[in-house]
file target_38.txt (compact mmCIF, C-alpha atoms)
# COMPACT_ATOMS: atom_id res chain seq x y z
CA MET A 1 159.60 214.31 58.99
CA LEU A 2 157.24 212.28 56.77
CA ASN A 3 156.22 208.92 58.20
CA SER A 4 153.98 206.14 56.97
CA LEU A 5 151.02 205.21 59.15
CA GLY A 6 152.52 201.75 59.64
CA ASN A 7 155.61 203.26 61.26
CA ILE A 8 153.54 205.04 63.89
CA GLY A 9 151.26 202.05 64.48
CA PHE A 10 148.01 203.71 63.43
CA SER A 11 145.79 203.03 60.44
CA GLN A 12 142.16 203.69 61.42
CA PRO A 13 140.20 206.32 59.45
CA PHE A 14 138.84 209.15 61.59
CA MET A 15 138.49 212.20 59.30
CA VAL A 16 135.99 213.77 56.92
CA GLN A 17 136.72 216.10 54.01
CA PRO A 18 138.04 219.45 55.37
CA ILE A 19 136.31 221.63 52.75
CA GLU A 20 132.71 221.94 51.64
CA GLY A 21 131.70 221.10 48.10
CA VAL A 22 132.26 218.53 45.40
CA GLN A 23 135.62 217.74 43.85
CA GLY A 24 135.79 218.81 40.21
CA LYS A 25 132.90 221.24 40.66
CA ASP A 26 133.67 223.35 43.72
CA PHE A 27 137.36 222.58 44.20
CA ILE A 28 140.23 220.59 42.74
CA ILE A 29 143.07 218.97 44.65
CA VAL A 30 146.16 220.36 42.93
CA ASN A 31 148.86 219.19 45.34
CA TYR A 32 149.33 216.23 47.67
CA VAL A 33 152.16 215.43 50.11
CA ASP A 34 155.56 214.97 48.45
CA TRP A 35 156.93 211.50 49.27
CA LEU A 36 160.47 211.97 47.96
CA ASP A 37 163.44 213.56 49.70
CA SER A 38 164.93 214.34 46.29
CA GLY A 39 162.55 215.00 43.40
CA ILE A 40 158.77 214.85 43.59
CA VAL A 41 156.15 212.10 43.70
CA ASP A 42 152.74 211.98 45.34
CA ALA A 43 151.17 208.94 46.99
CA TYR A 44 149.83 207.85 43.62
CA CYS A 45 153.25 207.91 41.92
CA ARG A 46 152.31 211.00 39.91
CA THR A 47 153.22 214.68 39.96
CA LYS A 48 150.37 216.37 41.88
CA THR A 49 152.81 217.86 44.39
CA TYR A 50 155.97 219.94 44.54
CA ASP A 51 159.31 219.53 46.25
CA GLY A 52 158.91 219.40 50.02
CA HIS A 53 155.13 219.93 50.04
CA GLN A 54 153.71 218.83 53.40
CA GLY A 55 149.97 218.90 52.88
CA THR A 56 147.00 218.71 50.54
CA ASP A 57 145.92 221.78 48.53
CA TYR A 58 142.21 222.17 47.75
CA ALA A 59 142.10 224.95 45.11
CA LEU A 60 139.21 227.24 44.12
CA ARG A 61 138.61 228.80 40.69
CA SER A 62 139.34 232.42 41.48
CA PHE A 63 139.23 235.23 44.02
CA GLN A 64 135.68 235.86 42.88
CA HIS A 65 134.88 232.29 43.90
CA MET A 66 136.69 232.87 47.21
CA ASP A 67 134.63 236.01 47.86
CA SER A 68 131.43 233.97 47.59
CA GLY A 69 132.54 232.14 50.75
CA VAL A 70 133.73 228.52 50.73
CA ASN A 71 133.68 226.93 54.17
CA VAL A 72 136.58 225.07 55.76
CA LEU A 73 135.47 222.21 58.00
CA ALA A 74 137.02 220.49 60.99
CA ALA A 75 138.21 217.12 59.74
CA ALA A 76 137.49 215.40 63.07
CA GLN A 77 136.47 216.00 66.67
CA GLY A 78 139.12 217.79 68.66
CA VAL A 79 140.26 220.84 70.59
CA VAL A 80 141.52 224.04 68.94
CA THR A 81 145.13 224.65 70.00
CA PHE A 82 146.08 227.64 67.83
CA VAL A 83 144.36 230.37 65.82
CA LYS A 84 145.82 233.09 63.62
CA ASP A 85 143.67 235.61 61.77
CA GLY A 86 143.79 239.17 60.40
CA LEU A 87 146.44 238.73 57.69
CA PHE A 88 146.02 239.89 54.08
CA ASP A 89 144.16 237.18 52.16
CA ARG A 90 144.71 237.98 48.47
CA GLU A 91 148.32 236.89 48.10
CA THR A 92 149.47 236.15 44.55
CA GLU A 93 153.24 235.87 45.02
CA GLY A 94 154.58 232.83 46.84
CA ASP A 95 156.71 233.78 49.86
CA VAL A 96 157.85 230.92 52.10
CA SER A 97 158.48 233.31 54.99
CA LYS A 98 154.72 234.02 55.20
CA GLY A 99 153.95 230.40 56.06
CA LEU A 100 150.35 229.28 56.50
CA GLY A 101 149.06 232.83 56.87
CA ASN A 102 145.74 232.76 58.71
CA TYR A 103 145.38 229.23 60.08
CA ILE A 104 143.84 226.94 62.68
CA ALA A 105 145.39 223.98 64.52
CA ILE A 106 143.28 221.22 66.11
CA ARG A 107 144.44 218.42 68.45
CA HIS A 108 142.49 215.17 68.17
CA PRO A 109 142.06 212.49 70.88
CA ASN A 110 144.25 209.98 68.99
CA LYS A 111 147.35 212.24 69.14
CA PHE A 112 146.87 213.53 65.59
CA TYR A 113 146.92 217.24 64.81
CA THR A 114 145.34 218.88 61.75
CA TYR A 115 146.25 222.29 60.33
CA TYR A 116 144.08 224.47 58.06
CA GLY A 117 146.12 227.14 56.26
CA HIS A 118 145.77 230.25 54.04
CA LEU A 119 142.34 231.10 55.44
CA LYS A 120 140.28 234.12 54.48
CA LYS A 121 140.84 237.17 56.66
CA GLY A 122 138.20 237.50 59.38
CA SER A 123 136.67 234.11 58.63
CA VAL A 124 137.90 232.13 61.65
CA GLN A 125 134.92 230.99 63.74
CA VAL A 126 136.69 229.24 66.64
CA ASN A 127 138.94 230.17 69.53
CA VAL A 128 141.77 228.39 71.29
CA GLY A 129 140.30 225.85 73.71
CA ASP A 130 137.06 225.33 71.77
CA THR A 131 135.92 221.75 71.21
CA VAL A 132 134.83 221.12 67.62
CA LYS A 133 132.96 218.32 65.90
CA ALA A 134 133.79 216.64 62.61
CA GLY A 135 132.35 218.68 59.74
CA GLN A 136 131.90 221.84 61.81
CA VAL A 137 132.54 225.12 59.98
CA ILE A 138 135.72 226.69 61.38
CA GLY A 139 136.66 229.24 58.70
CA ALA A 140 136.70 229.99 54.97
CA VAL A 141 139.13 229.42 52.10
CA GLY A 142 141.45 232.35 51.37
CA SER A 143 144.88 233.14 49.98
CA SER A 144 146.85 234.37 52.98
CA GLY A 145 150.48 233.57 53.72
CA ASN A 146 152.63 231.64 51.22
CA SER A 147 149.95 231.43 48.53
CA THR A 148 149.40 232.41 44.91
CA ASP A 149 145.73 231.44 44.46
CA PRO A 150 142.79 230.85 46.81
CA HIS A 151 143.08 227.40 48.35
CA LEU A 152 142.98 225.41 51.57
CA HIS A 153 146.29 223.90 52.64
CA PHE A 154 145.53 220.92 54.91
CA GLU A 155 148.22 219.17 56.96
CA VAL A 156 148.11 216.13 59.25
CA TRP A 157 150.74 215.41 61.93
CA TYR A 158 151.05 212.66 64.52
CA ASP A 159 152.01 213.76 68.03
CA SER A 160 152.87 217.14 66.43
CA LEU A 161 156.22 215.60 65.40
CA TYR A 162 155.60 213.31 62.44
CA LEU A 163 154.06 214.46 59.18
CA VAL A 164 151.69 211.92 57.63
CA ASP A 165 149.81 211.73 54.35
CA PRO A 166 146.10 211.01 54.98
CA PHE A 167 145.58 209.51 51.50
CA VAL A 168 146.24 205.97 50.31
CA GLY A 169 148.42 205.25 47.29
CA VAL A 170 150.94 202.83 45.80
CA CYS A 171 153.80 205.23 46.45
CA GLY A 172 152.45 206.21 49.87
CA ASP A 173 150.42 204.50 52.58
CA ASP A 174 148.23 201.45 52.10
CA LYS A 175 145.36 202.90 54.15
CA SER A 176 143.66 206.27 54.37
CA LEU A 177 142.80 208.40 57.40
CA PHE A 178 139.59 209.56 55.66
CA TYR A 179 136.31 207.72 56.04
CA ASN A 180 135.47 208.52 52.41
CA PRO A 181 138.60 209.87 50.72
CA THR A 182 138.20 211.89 47.55
CA SER A 183 139.32 210.03 44.47
CA TYR A 184 142.65 210.78 42.82
CA ASP A 185 141.54 212.79 39.82
CA THR A 186 143.72 213.63 36.82
CA ALA A 187 140.86 214.42 34.43
CA LEU A 188 140.74 217.56 32.30
CA TYR A 189 138.61 220.31 33.83
CA ILE A 190 137.58 223.46 31.99
CA TRP A 191 136.75 225.72 34.90
CA GLU A 192 136.06 229.01 33.18
CA PHE A 193 136.87 230.91 30.00
CA GLY A 194 136.03 234.22 28.39
CA MET A 195 137.30 237.23 26.47
CA HIS A 196 138.80 240.62 27.14
CA ASP A 197 139.69 243.80 25.26
CA THR A 198 143.07 244.56 26.86
CA LEU A 199 146.26 242.64 27.51
CA ILE A 200 145.40 241.66 31.09
CA ASP A 201 147.89 239.83 33.29
CA LEU A 202 147.61 236.70 35.41
CA ASN A 203 146.54 238.60 38.52
CA ALA A 204 143.63 240.15 36.64
CA LEU A 205 142.53 236.68 35.60
CA ARG A 206 142.79 235.47 39.19
CA GLU A 207 140.41 238.29 40.12
CA ARG A 208 138.25 237.62 37.03
CA ILE A 209 138.56 241.29 36.09
CA THR A 210 136.87 241.64 32.72
CA THR A 211 135.48 244.72 31.06
CA VAL A 212 133.75 242.71 28.35
CA LYS A 213 130.65 240.78 29.36
CA THR A 214 128.71 238.21 27.39
CA PRO A 215 127.78 238.34 24.64
CA PHE A 216 131.26 239.48 23.55
CA VAL A 217 131.28 242.42 21.13
CA PHE A 218 134.34 244.24 19.79
CA LYS A 219 134.42 247.28 17.51
CA PRO A 220 136.63 246.94 14.41
CA THR A 221 139.74 249.13 13.88
CA ALA A 222 140.10 249.46 17.65
CA THR A 223 143.58 249.92 19.09
CA THR A 224 142.93 247.31 21.78
CA PRO A 225 143.33 243.57 21.08
CA VAL A 226 140.79 240.76 21.22
CA LEU A 227 141.94 238.38 23.96
CA PHE A 228 140.73 234.86 24.76
CA TRP A 229 141.46 233.28 28.16
CA SER A 230 140.82 229.93 29.79
CA HIS A 231 141.38 228.31 33.18
CA LEU A 232 142.14 224.60 32.96
CA SER A 233 143.22 221.69 35.12
CA GLY A 234 144.51 218.22 34.33
CA LEU A 235 146.96 219.01 31.53
CA LYS A 236 149.82 216.56 30.94
CA LYS A 237 153.39 216.89 29.77
CA GLY A 238 153.47 216.79 25.97
CA ASP A 239 149.90 218.06 25.54
CA GLU A 240 149.52 220.54 22.69
CA LEU A 241 147.18 223.49 23.11
CA THR A 242 146.15 225.27 19.92
CA ILE A 243 143.93 228.31 19.49
CA ARG A 244 142.25 228.95 16.11
CA TRP A 245 140.66 232.32 15.36
CA ILE A 246 137.87 231.77 12.80
CA ALA A 247 136.68 234.74 10.73
CA PRO A 248 133.05 235.24 9.62
CA ASN A 249 133.89 233.79 6.20
CA LYS A 250 134.94 230.55 7.97
CA THR A 251 138.62 230.99 7.19
CA VAL A 252 141.30 230.61 9.87
CA TRP A 253 142.51 234.12 10.69
CA PHE A 254 145.32 233.08 13.01
CA THR A 255 146.60 229.97 14.80
CA TYR A 256 148.84 229.69 17.86
CA SER A 257 150.12 226.47 19.48
CA ASN A 258 152.01 225.62 22.65
CA THR A 259 153.38 222.24 23.77
CA LEU A 260 153.52 221.74 27.54
CA GLU A 261 156.83 220.73 29.09
CA LYS A 262 155.34 219.47 32.39
CA ASP A 263 152.07 218.38 33.99
CA TRP A 264 149.80 221.25 34.98
CA TRP A 265 147.01 220.89 37.55
CA TYR A 266 146.12 224.59 37.68
CA TYR A 267 146.74 226.37 34.39
CA TYR A 268 145.77 229.65 32.73
CA TYR A 269 146.00 229.76 28.94
CA PHE A 270 145.39 233.05 27.15
CA THR A 271 146.31 234.61 23.83
CA HIS A 272 145.13 237.45 21.58
CA ILE A 273 144.88 238.85 18.08
CA ASN A 274 145.30 242.50 17.08
CA ASN A 275 141.96 244.15 16.40
CA THR A 276 142.87 246.12 13.27
CA ASN A 277 140.30 246.19 10.46
CA LEU A 278 138.80 242.90 11.52
CA GLU A 279 135.97 241.76 9.30
CA LYS A 280 132.58 242.56 10.76
CA GLY A 281 130.49 239.58 11.73
CA GLN A 282 130.47 236.54 13.92
CA TRP A 283 133.87 235.14 14.87
CA LYS A 284 134.98 232.14 16.89
CA ALA A 285 137.94 231.45 19.11
CA ILE A 286 138.44 227.68 19.27
CA LEU A 287 140.79 226.00 21.75
CA GLU A 288 142.10 222.56 20.84
CA LEU A 289 143.78 220.01 23.08
CA ASN A 290 145.82 217.49 21.10
CA GLY A 291 143.78 218.18 17.98
CA LYS A 292 140.36 217.98 19.65
CA ASP A 293 138.19 221.09 20.15
CA ILE A 294 137.50 221.62 23.87
CA ILE A 295 136.25 225.24 23.90
CA THR A 296 134.38 227.22 21.25
CA GLN A 297 133.89 230.89 22.12
CA PRO A 298 131.81 233.00 19.68
CA PHE A 299 132.17 236.78 19.52
CA VAL A 300 131.02 239.59 17.26
CA VAL A 301 132.89 242.39 15.53
CA ALA A 302 130.43 245.21 14.88
CA ASP A 303 130.50 248.97 14.33
CA ASN A 304 127.76 250.35 16.54
CA ALA A 305 126.56 247.44 18.62
CA SER A 306 126.66 247.46 22.39
CA VAL A 307 126.82 244.46 24.66
CA SER A 308 123.11 244.73 25.44
CA ASP A 309 121.79 244.57 21.88
CA ILE A 310 123.51 241.57 20.35
CA GLU A 311 122.00 238.18 19.56
CA LEU A 312 124.60 235.44 19.13
CA LEU A 313 124.35 231.94 17.74
CA PRO A 314 122.21 229.91 17.80
CA SER A 315 119.74 232.83 17.86
CA THR A 316 120.70 234.26 14.47
CA CYS A 317 118.57 236.09 11.97
CA ASN A 318 117.58 232.68 10.58
CA VAL A 319 117.51 233.72 6.95
CA TYR A 320 119.45 232.34 4.01
CA SER A 321 118.57 234.82 1.30
CA ILE A 322 117.08 238.25 0.74
CA ARG A 323 113.81 236.58 -0.27
CA GLN A 324 113.51 235.03 3.17
CA LEU A 325 114.52 238.28 4.81
CA LEU A 326 111.50 240.06 3.29
CA LYS A 327 109.19 237.66 5.11
CA ARG A 328 110.47 238.68 8.54
CA LYS A 329 108.12 241.11 10.35
CA ASP A 330 110.46 241.89 13.26
CA ILE A 331 113.26 243.59 11.30
CA LEU A 332 113.26 247.41 11.43
CA ALA A 333 116.38 247.93 9.36
CA PHE A 334 119.32 246.02 8.02
CA THR A 335 122.80 246.49 6.68
CA LEU A 336 124.41 244.32 4.04
CA THR A 337 128.20 244.31 3.85
CA SER A 338 129.89 242.48 1.01
CA VAL A 339 133.13 240.73 1.83
CA ASN A 340 134.55 242.39 -1.29
CA GLY A 341 132.44 245.46 -1.79
CA PRO A 342 130.40 248.36 -0.36
CA THR A 343 127.83 248.44 2.40
CA VAL A 344 124.12 249.02 1.76
CA THR A 345 121.90 250.18 4.64
CA LEU A 346 118.12 250.23 4.38
CA LYS A 347 115.52 251.39 6.89
CA GLN A 348 112.04 249.95 6.84
CA HIS A 349 109.12 252.33 6.61
CA ASN A 350 106.22 250.45 5.12
CA ARG A 351 108.30 247.58 3.79
CA ILE A 352 111.84 246.50 3.05
CA GLU A 353 112.79 246.57 -0.59
CA ILE A 354 115.42 244.41 -2.25
CA PRO A 355 118.62 246.46 -2.32
CA ASP A 356 120.32 247.17 -5.61
CA VAL A 357 123.46 245.17 -4.95
CA THR A 358 125.39 242.59 -6.89
CA PRO A 359 124.33 239.01 -6.09
CA GLY A 360 126.74 237.19 -3.83
CA VAL A 361 127.63 236.44 -0.22
CA TYR A 362 127.06 239.25 2.27
CA PHE A 363 127.20 239.87 5.99
CA LEU A 364 123.80 240.86 7.40
CA GLU A 365 123.32 243.11 10.44
CA ALA A 366 119.65 243.52 11.31
CA GLU A 367 117.92 245.73 13.86
CA LEU A 368 115.00 243.89 15.43
CA THR A 369 111.77 245.13 16.98
CA ASN A 370 112.86 243.86 20.44
CA ASN A 371 115.75 246.36 20.45
CA LYS A 372 118.28 243.65 19.70
CA ARG A 373 120.50 243.05 16.71
CA CYS A 374 121.35 239.85 14.92
CA TYR A 375 124.20 238.94 12.62
CA GLN A 376 124.47 236.38 9.85
CA LYS A 377 126.15 235.62 6.56
CA ILE A 378 123.49 235.35 3.81
CA VAL A 379 123.20 235.03 0.05
CA VAL A 380 121.89 237.92 -2.05
CA ASP A 381 120.23 236.38 -5.09
call {"tool": "encode", "arguments": {"input": "target_38.txt", "output": "structure tokens"}}
result
Amino acid sequence: MLNSLGNIGFSQPFMVQPIEGVQGKDFIIVNYVDWLDSGIVDAYCRTKTYDGHQGTDYALRSFQHMDSGVNVLAAAQGVVTFVKDGLFDRETEGDVSKGLGNYIAIRHPNKFYTYYGHLKKGSVQVNVGDTVKAGQVIGAVGSSGNSTDPHLHFEVWYDSLYLVDPFVGVCGDDKSLFYNPTSYDTALYIWEFGMHDTLIDLNALRERITTVKTPFVFKPTATTPVLFWSHLSGLKKGDELTIRWIAPNKTVWFTYSNTLEKDWWYYYYFTHINNTNLEKGQWKAILELNGKDIITQPFVVADNASVSDIELLPSTCNVYSIRQLLKRKDILAFTLTSVNGPTVTLKQHNRIEIPDVTPGVYFLEAELTNNKRCYQKIVVD
């Protein structure tokens, strides 16, 4: 049963943040206590909650982030009354029957109890009967129990009977139980983004499973797609997300848009293009939010380049014509590919000669003396 602090006659702050790190950098609060019996509203009269939610969810970026170890802290001095550990901690399917998974309960001197749920398997550092101090490390963030992503679920109860919301808000309590409560943050956060060469699913993104590392290089005529993914927070109902795929000749190869039908505080957005006879050169995947570019991800389509020997913008070949190219001393060989014609490949022995090609705009692939390659559109004059 949810009660306001006024109803139980208590309003003094006594807690610190129950997770290490900085909001917006190390974690994001994605859910607060739901204040409505029918429908949803958080203490701030917004939608950072879901129906019947009884705590505060401090979410991490990914399982990779979880594996690095993010400490859960005792919110206040007290005595440990319950400990559960040993359960699987990489849950991705919500199951109410699994409850808090691995969790810790602490009784505080003022009759409040705090609960720390979905902890990482084997991370619990306290036992029943232990006395803990505020800010003491008691475990680590996981995804055990009724969980889809790594996060700390934090609950506060009075006399173990009355659920309370420790945050202050117009639609909730007028005082907070935290000494220094985190601010209510609805800002846009771009946590991570990248590319992939298969149609991976959401669970692969949660694990950050990627076979393509930066810089991103894809071979043309491949049967696998070119996929762009992003992990965002702070998206609002009605927001329009648009991805533009920009070819080396600066034209828009493909555009895809999606209008959101609800607020999203933890959101994966990913889409792909088929990699069939893509033009060689430097491409861009650009993600827009309501017409404004928020992510620009360059990648290269190349025949024989590996991940280790690509130079991406802004470190290009830095030439604008064949005349300038001849002045470079660090180019061993180069290939010129016309957007409308054949390819000319020259290897340098004593010097590079001007190729016998029709003047125009070409795509340059150059092999450098440092065992790297660079790519650029240049003018043959």
call {"tool": "closest_atom_pairs", "arguments": {"input": "target_38.txt", "of": "stretch 175-237 of chain A", "to": "stretch 159-171 of chain A", "cutoff": "8 Å", "atoms": "all atoms listed in the file", "output": "JSON lines"}}
result
{"residue": "A:Lys175", "atom": "CA", "partner": "A:Val168", "partner_atom": "CA", "distance": 5.0}
{"residue": "A:Ser176", "atom": "CA", "partner": "A:Phe167", "partner_atom": "CA", "distance": 4.7}
{"residue": "A:Leu177", "atom": "CA", "partner": "A:Pro166", "partner_atom": "CA", "distance": 4.9}
{"residue": "A:Phe178", "atom": "CA", "partner": "A:Pro166", "partner_atom": "CA", "distance": 6.7}
{"residue": "A:Pro181", "atom": "CA", "partner": "A:Phe167", "partner_atom": "CA", "distance": 7.0}
call {"tool": "closest_residue", "arguments": {"input": "target_38.txt", "among": "A:Lys262, A:Lys98, A:His272, A:His108", "to": "A:Ala134", "atoms": "all atoms listed in the file"}}
result
A:His108
call {"tool": "residues_around", "arguments": {"input": "target_38.txt", "residues": "A:Pro109", "least_positions_apart": "3", "cutoff": "9 Å", "atoms": "only C-alpha atoms", "output": "PyMOL selection string"}}
result
chain A and resi 77-79+112
call {"tool": "atom_distance", "arguments": {"input": "target_38.txt", "atom1": "atom CA of A:Ala59", "atom2": "atom CA of A:Ile29"}}
result
6.1 Å
call {"tool": "closest_residue", "arguments": {"input": "target_38.txt", "among": "A:Tyr158, A:Tyr115, A:Phe14, A:Trp191", "to": "A:Trp265", "atoms": "all atoms listed in the file"}}
result
A:Trp191
call {"tool": "residues_around", "arguments": {"input": "target_38.txt", "residues": "A:His118", "least_positions_apart": "6", "cutoff": "6 Å", "atoms": "only C-alpha atoms", "output": "list in words"}}
result
Leu100, Gly101, Asn102, Gly142, Ser143, Ser144 and Gly145 of chain A
call {"tool": "residues_near_point", "arguments": {"input": "target_38.txt", "point": "(153.7, 234.3, 46.4)", "cutoff": "9 Å", "atoms": "only C-alpha atoms", "output": "JSON list (two decimals) with C-alpha atoms, keeping the file's coordinate frame"}}
result
[["chain", "number", "residue", "atom", "x", "y", "z"],
["A", 91, "GLU", "CA", 148.32, 236.89, 48.10],
["A", 92, "THR", "CA", 149.47, 236.15, 44.55],
["A", 93, "GLU", "CA", 153.24, 235.87, 45.02],
["A", 94, "GLY", "CA", 154.58, 232.83, 46.84],
["A", 95, "ASP", "CA", 156.71, 233.78, 49.86],
["A", 96, "VAL", "CA", 157.85, 230.92, 52.10],
["A", 98, "LYS", "CA", 154.72, 234.02, 55.20],
["A", 145, "GLY", "CA", 150.48, 233.57, 53.72],
["A", 146, "ASN", "CA", 152.63, 231.64, 51.22],
["A", 147, "SER", "CA", 149.95, 231.43, 48.53],
["A", 148, "THR", "CA", 149.40, 232.41, 44.91],
["A", 149, "ASP", "CA", 145.73, 231.44, 44.46]]
call {"tool": "closest_residue", "arguments": {"input": "target_38.txt", "among": "A:Ile8, A:Ile138, A:Ala302, A:Val83", "to": "A:Phe216", "atoms": "all atoms listed in the file"}}
result
A:Ala302
call {"tool": "atom_distance", "arguments": {"input": "target_38.txt", "atom1": "atom CA of A:Asp197", "atom2": "atom CA of A:Ile294"}}
result
22.3 Å
call {"tool": "closest_residue", "arguments": {"input": "target_38.txt", "among": "A:Ser62, A:Asn258, A:Asn180, A:Thr276", "to": "A:Ala222", "atoms": "only C-alpha atoms"}}
result
A:Thr276
call {"tool": "residues_around", "arguments": {"input": "target_38.txt", "residues": "stretch 19-22 of chain A", "least_positions_apart": "5", "cutoff": "6 Å", "atoms": "only C-alpha atoms", "output": "short mmCIF file (atom, residue, chain, number, x, y, z; two decimals) with C-alpha atoms, keeping the file's coordinate frame"}}
result
data_model
loop_
_atom_site.label_atom_id
_atom_site.label_comp_id
_atom_site.auth_asym_id
_atom_site.auth_seq_id
_atom_site.Cartn_x
_atom_site.Cartn_y
_atom_site.Cartn_z
CA ASN A 71 133.68 226.93 54.17
CA VAL A 72 136.58 225.07 55.76
CA LEU A 73 135.47 222.21 58.00
#
